[in-house]
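Quick look at coords37.cif (mmCIF, C-alpha atoms and all ligand atoms):
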```
data_upload
#
loop_
_atom_site.group_PDB
_atom_site.id
_atom_site.type_symbol
_atom_site.label_atom_id
_atom_site.label_comp_id
_atom_site.auth_asym_id
_atom_site.auth_seq_id
_atom_site.Cartn_x
_atom_site.Cartn_y
_atom_site.Cartn_z
ATOM 1 C CA MET A 1 93.105 16.045 -74.675
ATOM 2 C CA THR A 2 96.502 17.267 -75.794
ATOM 3 C CA HIS A 3 97.820 16.430 -79.221
ATOM 4 C CA LEU A 4 101.212 14.747 -78.835
ATOM 5 C CA PHE A 5 102.995 16.627 -81.629
ATOM 6 C CA ASP A 6 106.393 15.137 -80.767
ATOM 7 C CA THR A 7 105.317 11.517 -81.228
ATOM 8 C CA ALA A 8 107.413 10.136 -84.083
ATOM 9 C CA TYR A 9 105.637 8.637 -87.083
ATOM 10 C CA ALA A 10 105.344 4.854 -86.854
ATOM 11 C CA ASP A 11 103.178 2.403 -88.757
ATOM 12 C CA ARG A 12 101.325 0.861 -85.835
ATOM 13 C CA ASP A 13 98.270 -1.326 -85.969
ATOM 14 C CA LEU A 14 96.472 -0.648 -82.705
ATOM 15 C CA GLY A 15 93.764 -3.230 -83.325
ATOM 16 C CA GLU A 16 90.238 -2.540 -82.207
ATOM 17 C CA VAL A 17 89.737 0.655 -80.233
ATOM 18 C CA PRO A 18 86.647 1.681 -78.285
ATOM 19 C CA GLY A 19 86.340 5.158 -79.751
ATOM 20 C CA PRO A 20 84.198 7.146 -79.677
ATOM 21 C CA PHE A 21 84.352 7.734 -83.401
ATOM 22 C CA THR A 22 81.574 9.375 -85.330
ATOM 23 C CA LEU A 23 80.381 8.835 -88.870
ATOM 24 C CA GLY A 24 78.568 11.616 -90.661
ATOM 25 C CA PRO A 25 78.223 13.240 -94.061
ATOM 26 C CA SER A 26 81.235 15.319 -95.113
ATOM 27 C CA PRO A 27 80.811 18.777 -96.646
ATOM 28 C CA GLY A 28 81.569 17.161 -100.012
ATOM 29 C CA GLY A 29 78.749 14.678 -99.607
ATOM 30 C CA HIS A 30 80.898 11.690 -98.720
ATOM 31 C CA ALA A 31 81.248 9.714 -95.513
ATOM 32 C CA LEU A 32 83.366 11.362 -92.835
ATOM 33 C CA VAL A 33 84.790 9.467 -89.859
ATOM 34 C CA GLN A 34 86.051 11.611 -87.001
ATOM 35 C CA GLY A 35 87.513 10.995 -83.602
ATOM 36 C CA THR A 36 90.611 11.222 -81.476
ATOM 37 C CA CYS A 37 93.667 9.265 -82.566
ATOM 38 C CA PRO A 38 94.383 6.654 -79.867
ATOM 39 C CA ARG A 39 98.124 7.163 -80.357
ATOM 40 C CA CYS A 40 98.877 10.875 -80.804
ATOM 41 C CA LYS A 41 95.581 12.145 -79.307
ATOM 42 C CA GLY A 42 95.070 14.431 -82.279
ATOM 43 C CA HIS A 43 91.693 15.025 -83.866
ATOM 44 C CA THR A 44 91.538 12.815 -86.932
ATOM 45 C CA ALA A 45 89.031 13.104 -89.755
ATOM 46 C CA THR A 46 89.034 10.861 -92.811
ATOM 47 C CA GLU A 47 86.702 11.013 -95.773
ATOM 48 C CA TYR A 48 85.561 7.736 -97.343
ATOM 49 C CA ARG A 49 84.196 7.683 -100.836
ATOM 50 C CA HIS A 50 82.507 4.336 -100.896
ATOM 51 C CA GLY A 51 79.161 3.516 -99.410
ATOM 52 C CA VAL A 52 78.419 7.187 -99.709
ATOM 53 C CA PRO A 53 75.276 8.353 -97.924
ATOM 54 C CA GLY A 54 72.533 9.453 -100.241
ATOM 55 C CA THR A 55 73.722 7.792 -103.433
ATOM 56 C CA GLY A 56 71.156 5.049 -103.397
ATOM 57 C CA THR A 57 73.595 2.284 -102.480
ATOM 58 C CA ALA A 58 71.731 1.614 -99.269
ATOM 59 C CA THR A 59 68.740 -0.659 -99.269
ATOM 60 C CA GLY A 60 68.266 -1.276 -95.555
ATOM 61 C CA THR A 61 65.577 0.206 -93.417
ATOM 62 C CA LYS A 62 67.999 1.894 -91.057
ATOM 63 C CA GLY A 63 69.230 4.405 -93.622
ATOM 64 C CA PRO A 64 72.370 4.886 -95.667
ATOM 65 C CA LEU A 65 74.583 5.935 -92.756
ATOM 66 C CA ALA A 66 73.879 2.758 -90.825
ATOM 67 C CA ASP A 67 74.871 0.714 -93.863
ATOM 68 C CA THR A 68 78.024 2.771 -94.308
ATOM 69 C CA ALA A 69 78.813 2.281 -90.624
ATOM 70 C CA ARG A 70 78.614 -1.468 -91.131
ATOM 71 C CA LEU A 71 81.017 -1.260 -94.073
ATOM 72 C CA LEU A 72 83.449 1.000 -92.265
ATOM 73 C CA ALA A 73 83.459 -1.247 -89.211
ATOM 74 C CA LEU A 74 85.450 -3.662 -91.383
ATOM 75 C CA GLU A 75 87.912 -1.012 -92.556
ATOM 76 C CA ARG A 76 91.236 -0.134 -91.068
ATOM 77 C CA HIS A 77 91.282 3.549 -90.141
ATOM 78 C CA TYR A 78 94.487 5.550 -90.304
ATOM 79 C CA CYS A 79 95.466 8.562 -88.242
ATOM 80 C CA GLU A 80 94.833 11.642 -90.346
ATOM 81 C CA CYS A 81 95.336 14.373 -87.770
ATOM 82 C CA ARG A 82 97.089 16.437 -90.477
ATOM 83 C CA HIS A 83 100.033 17.185 -88.217
ATOM 84 C CA PRO A 84 103.299 16.164 -89.896
ATOM 85 C CA HIS A 85 104.723 14.052 -87.096
ATOM 86 C CA PRO A 86 108.520 13.614 -86.920
ATOM 87 C CA ASP A 87 109.787 11.014 -89.429
ATOM 88 C CA LEU A 88 106.624 11.290 -91.550
ATOM 89 C CA PRO A 89 107.469 9.625 -94.877
ATOM 90 C CA PRO A 90 107.304 12.046 -97.796
ATOM 91 C CA ASP A 91 105.014 9.619 -99.638
ATOM 92 C CA ALA A 92 102.649 9.031 -96.721
ATOM 93 C CA VAL A 93 99.042 8.729 -97.852
ATOM 94 C CA PHE A 94 97.711 10.073 -94.569
ATOM 95 C CA VAL A 95 99.351 12.973 -92.787
ATOM 96 C CA GLY A 96 99.383 11.868 -89.184
ATOM 97 C CA CYS A 97 101.293 9.719 -86.715
ATOM 98 C CA GLY A 98 101.008 6.475 -88.736
ATOM 99 C CA ALA A 99 98.724 4.663 -86.344
ATOM 100 C CA SER A 100 95.840 2.590 -87.639
ATOM 101 C CA TRP A 101 92.932 0.915 -85.919
ATOM 102 C CA TYR A 102 89.498 -0.616 -86.259
ATOM 103 C CA VAL A 103 86.272 0.822 -84.892
ATOM 104 C CA ARG A 104 83.329 -1.526 -84.449
ATOM 105 C CA ASN A 105 80.865 0.924 -82.981
ATOM 106 C CA LEU A 106 80.835 4.010 -85.161
ATOM 107 C CA VAL A 107 78.364 6.585 -83.905
ATOM 108 C CA THR A 108 76.324 8.011 -86.757
ATOM 109 C CA VAL A 109 75.742 11.749 -86.638
ATOM 110 C CA GLY A 110 74.121 14.365 -88.851
ATOM 111 C CA PRO A 111 75.773 17.150 -90.840
ATOM 112 C CA GLY A 112 78.221 19.129 -88.731
ATOM 113 C CA GLY A 113 78.634 16.322 -86.234
ATOM 114 C CA THR A 114 75.329 16.715 -84.431
ATOM 115 C CA PRO A 115 73.506 13.522 -83.445
HETATM 116 ZN ZN ZN B 201 97.730 9.966 -84.625
HETATM 117 ZN ZN ZN B 202 98.822 13.595 -84.595
#
```

Starting from the file, lay out its structure as structure tokens.
Amino acid sequence: MTHLFDTAYADRDLGEVPGPFTLGPSPGGHALVQGTCPRCKGHTATEYRHGVPGTGTATGTKGPLADTARLLALERHYCECRHPHPDLPPDAVFVGCGASWYVRNLVTVGPGGTP
């Protein structure tokens, strides 16, 4: 898929998107959600520091990542493709196209993105 670099920044709530988005441990030991931005088609990767895998916050039998996936299914995800799209606000929290969305079916993967 081609990253649409020329798409101007716009704060758009895209609602629920089908994905696929993956959830795995980041190199820093946090939760990393990755996928393709539904708007600009760029690869987006965002680190989340709550519900971190391996910190003992999980009590379920399906493992910490499954619990984190449940938490993150309620979160709004923002495009963080790291390309400064045209009209990107200087104070933007996420460097991307401004799109945001929800993912209900995060696919949990191991370190490095392998299932
Ligand atoms: Zn985007
Ligand atoms: Zn982008």

With the file shown as input, list the residues that the PyMOL selection byres (((chain A and resi 81) around 8) and not hetatm) selects, as a compact mmCIF listing (two decimals) with C-alpha atoms, in the frame of the given file.
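The result, stored in result.txt:
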```txt
# COMPACT_ATOMS: atom_id res chain seq x y z
CA CYS A 37 93.67 9.26 -82.57
CA GLY A 42 95.07 14.43 -82.28
CA HIS A 43 91.69 15.02 -83.87
CA THR A 44 91.54 12.82 -86.93
CA ALA A 45 89.03 13.10 -89.76
CA CYS A 79 95.47 8.56 -88.24
CA GLU A 80 94.83 11.64 -90.35
CA ARG A 82 97.09 16.44 -90.48
CA HIS A 83 100.03 17.18 -88.22
CA VAL A 95 99.35 12.97 -92.79
CA GLY A 96 99.38 11.87 -89.18
CA CYS A 97 101.29 9.72 -86.72
```

Practice task
Rank nothing, just name the residue among A:Pro20, A:Gly28, A:Pro64, A:Gly35 nearest to ligand ZN 201 (chain B), using all atoms listed in the file.
Solution key: A:Gly35

Problem - Atomic separation - CA of Ala99 (chain A) relative to CA of Thr7 (chain A), Å - result: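 Calculated distance between CA of Thr7 (chain A) and CA of Ala99 (chain A) is 10.8 Å.
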
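In this comparison, which uses only C-alpha atoms, the residue of A:Val33, A:Leu23, A:Gly15, A:Val103 approaching Ala73 (chain A) most closely is A:Val103.
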
Handout entry: Nearest residue to His30 (chain A) from the set A:His77, A:Thr68, A:Ala10, A:Val17 (distances using all atoms listed in the file)
Key = A:Thr68
